[in-house]
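*Asks:* A single structure is presented below for examination.
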Amino acid sequence: MRTQVLLCCLLLLGVATALATRKEEAAENNRRKNSQPFYRKQPARVAPTPAAPEDDAAVEEETAAPSVTSPLLTRKQEAAEINRRKNNQPLLNRHPARVTSEDEYDEEEAGEFSDQCPEPNGYFPDAEQCDKYYDCRDGKLTEKLCPDGLVFNDFSPQHEKCDLPFGIDCSKRPKLQTPIPTAHCPRMHGYFAHEDPTNCNTFYYCVEGKFNMIKCPDGLVFSEKTGICTWPDEAHKTGCGSRELFNFTCPKVDESVAATHPRYPDSEDCQFFYVCINGETPRRSGCKLGQAFDESTGKCDWARKVPECKEWYKGVLTDAELDALENPPKAKTSGSSRRKGPKRGAEPAAE
């Protein structure tokens with residue numbers, strides 16, 4: 001009987017010891033797991049789809065500030081974590097920021113995105129130079145340059161087009177290649193003003209360094225900004241304004257008359273007249289050949305019908321030439337040439 005009791009006690013003691021041992025093993029495993037470094041506790045990273053940040057400050061804070069548990073990381077691990085977060089940001093923010101720490105800045109990484117094609121195929125402008133562009137073919141980049149005086153027109157990546165600079169915005173990429181000047185041509189291609197700043201209506205059209213001198217119509221001035229002849233008040237060229245070019249000043253009128261842009265005759269030339277824009281800015285305009293400005297009507301009419309100008313073309317045009325201008329021959333209208341078919345019901349002629 002005593003032997004059986006003793007056996008039962010020993011069995012219970014063994015079970016209790018086994019349970020205690022299992023608890024100690026579990027506690028030890030848990031302790032070891034909790035004592036591992038921080039970077040091994042993270043689950044395997046799956047690159048998420050980049051999402052636009054709510055504001056720039058959030059991006060800057062996430063890029064520059066490591067995790068609150070970063071004291072457990074080494075310096076290399078901190079740099080790797082920052083780089084990982086940076087690469088998960090949207091593409092527009094992937095260019096490395098300028099930093100002062102030698103450990104964090106990598107010159108190769110700084111140029112990582114500067115020499116790559118935005119798309120596998122197409123033509124793309126240089127970021128700084130307006131006449132430079134890149135030809136991308138299957139991801140391979142080739143640098144190209146427009147002819148001197150022309151700039152790259154980036155209206156479409158599918159088109160390789162160099163054009164005159166008028167109407168193309170180069171404000172964000174103002175640099176240009178070194179000019180190749182020739183006589184009257186500051187660059188090989190383009191429209192250029194006369195060397196004499198007081199010569200307002202003469203300009204040069206240059207192609208391959210060869211010039212062609214052109215004059216604007218009377219009353220107009222060459223605009224270096226637009227490359228065309230325009231009104232003096234629109235050209236904004238120093239010394240070539242309306243007051244400098246014309247011996248005329250718009251008379252003072254009330255607002256109701258000024259709103260009609262009143263017209264006044266040119267006292268020195270019957271064929272021309274002045275239009276005062278808003279009653280203040282004069283623009284010189286003219287009538288066609290054979291006509292003169294009639295101050296009484298404010299319109300152009302045949303010179304022989306305007307009393308003060310009826311002899312204006314004498315010695316310039318003959319009466320026959322004036323008659324031909326006033327009464328041009330009417331264009332003859334061709335008659336109908338439709339062939340008439342046989343009348344309905346008519347029998348064809350018998351042979």
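Identifiers in the structure tokens: chain A, B, ... in order shown; residue index from 1 per chain; ligand index from 1 in order shown.
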Give me, as CSV, each residue of segment 200-237 of chain A that comes within 12 Å of segment 128-149 of chain A, together with its shortest interatomic pair and the distance in Å at one decimal, counting only C-alpha atoms, with rows ordered by chain and rising residue number.
*Replies:*
residue,atom,partner,partner_atom,distance
A:Tyr205,CA,A:Gly149,CA,11.4
A:Cys206,CA,A:Gly149,CA,9.3
A:Val207,CA,A:Gly149,CA,9.4
A:Glu208,CA,A:Asp148,CA,8.7
A:Gly209,CA,A:Asp148,CA,9.3
*Asks:* Which residue out of A:Tyr313, A:Gly298, A:Glu119, A:Phe124 has the minimum interatomic distance to Asn153 of chain A when only C-alpha atoms are used?
*Replies:*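 Smallest distance to Asn153 of chain A is found for A:Phe124.
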*Asks:* If you run DSSP on the backbone, which residues of segment 242-343 of chain A are strand (DSSP E), as JSON, numbers by chain?
*Replies:* {"A": [263, 264, 265, 272, 273, 274, 275, 276, 277, 281, 282, 283, 284, 285, 286, 291, 292, 293, 294, 299, 300, 301, 302]}
*Asks:* Could those residues be written to a file, using N, CA and C atoms, as a compact mmCIF listing (two decimals), in the first residue's frame?
*Replies:*
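Once written, selection-v8.txt looks like this:
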# COMPACT_ATOMS: atom_id res chain seq x y z
N ARG A 263 -10.80 109.54 -87.04
CA ARG A 263 -9.81 109.58 -88.11
C ARG A 263 -9.55 111.03 -88.52
N TYR A 264 -8.30 111.29 -88.92
CA TYR A 264 -7.90 112.63 -89.34
C TYR A 264 -7.00 112.52 -90.57
N PRO A 265 -7.09 113.46 -91.49
CA PRO A 265 -6.27 113.38 -92.71
C PRO A 265 -4.80 113.67 -92.43
N PHE A 272 -3.07 109.13 -97.29
CA PHE A 272 -2.94 108.59 -95.93
C PHE A 272 -3.79 109.37 -94.94
N PHE A 273 -4.02 108.74 -93.80
CA PHE A 273 -4.78 109.36 -92.71
C PHE A 273 -4.34 108.73 -91.39
N TYR A 274 -4.77 109.32 -90.29
CA TYR A 274 -4.42 108.82 -88.96
C TYR A 274 -5.68 108.35 -88.23
N VAL A 275 -5.55 107.23 -87.57
CA VAL A 275 -6.60 106.71 -86.69
C VAL A 275 -6.12 106.88 -85.26
N CYS A 276 -6.88 107.61 -84.45
CA CYS A 276 -6.49 107.83 -83.06
C CYS A 276 -7.18 106.79 -82.17
N ILE A 277 -6.42 105.79 -81.74
CA ILE A 277 -6.96 104.72 -80.91
C ILE A 277 -7.34 105.29 -79.55
N THR A 281 -3.75 107.48 -79.17
CA THR A 281 -2.58 106.91 -79.84
C THR A 281 -2.78 106.92 -81.35
N PRO A 282 -1.94 107.67 -82.11
CA PRO A 282 -2.13 107.73 -83.57
C PRO A 282 -1.53 106.52 -84.28
N ARG A 283 -2.25 106.02 -85.27
CA ARG A 283 -1.77 104.99 -86.18
C ARG A 283 -1.99 105.47 -87.61
N ARG A 284 -0.91 105.43 -88.39
CA ARG A 284 -1.00 105.92 -89.77
C ARG A 284 -1.46 104.81 -90.69
N SER A 285 -2.54 105.08 -91.40
CA SER A 285 -3.09 104.12 -92.34
C SER A 285 -3.29 104.80 -93.69
N GLY A 286 -3.69 104.04 -94.71
CA GLY A 286 -3.78 104.63 -96.03
C GLY A 286 -4.88 104.04 -96.89
N GLN A 291 -7.06 106.48 -104.69
CA GLN A 291 -8.02 107.03 -103.75
C GLN A 291 -7.35 108.04 -102.81
N ALA A 292 -8.20 108.80 -102.10
CA ALA A 292 -7.73 109.78 -101.12
C ALA A 292 -8.69 109.75 -99.94
N PHE A 293 -8.21 110.24 -98.79
CA PHE A 293 -9.04 110.26 -97.59
C PHE A 293 -9.95 111.47 -97.62
N ASP A 294 -11.25 111.25 -97.46
CA ASP A 294 -12.24 112.33 -97.45
C ASP A 294 -12.57 112.64 -95.99
N LYS A 299 -13.84 108.52 -94.69
CA LYS A 299 -13.59 107.30 -95.45
C LYS A 299 -12.73 107.60 -96.67
N CYS A 300 -12.26 106.55 -97.32
CA CYS A 300 -11.51 106.69 -98.56
C CYS A 300 -12.47 106.77 -99.74
N ASP A 301 -12.12 107.60 -100.72
CA ASP A 301 -12.92 107.72 -101.93
C ASP A 301 -11.97 108.01 -103.09
N TRP A 302 -12.48 107.93 -104.31
CA TRP A 302 -11.63 108.24 -105.47
C TRP A 302 -11.18 109.68 -105.40
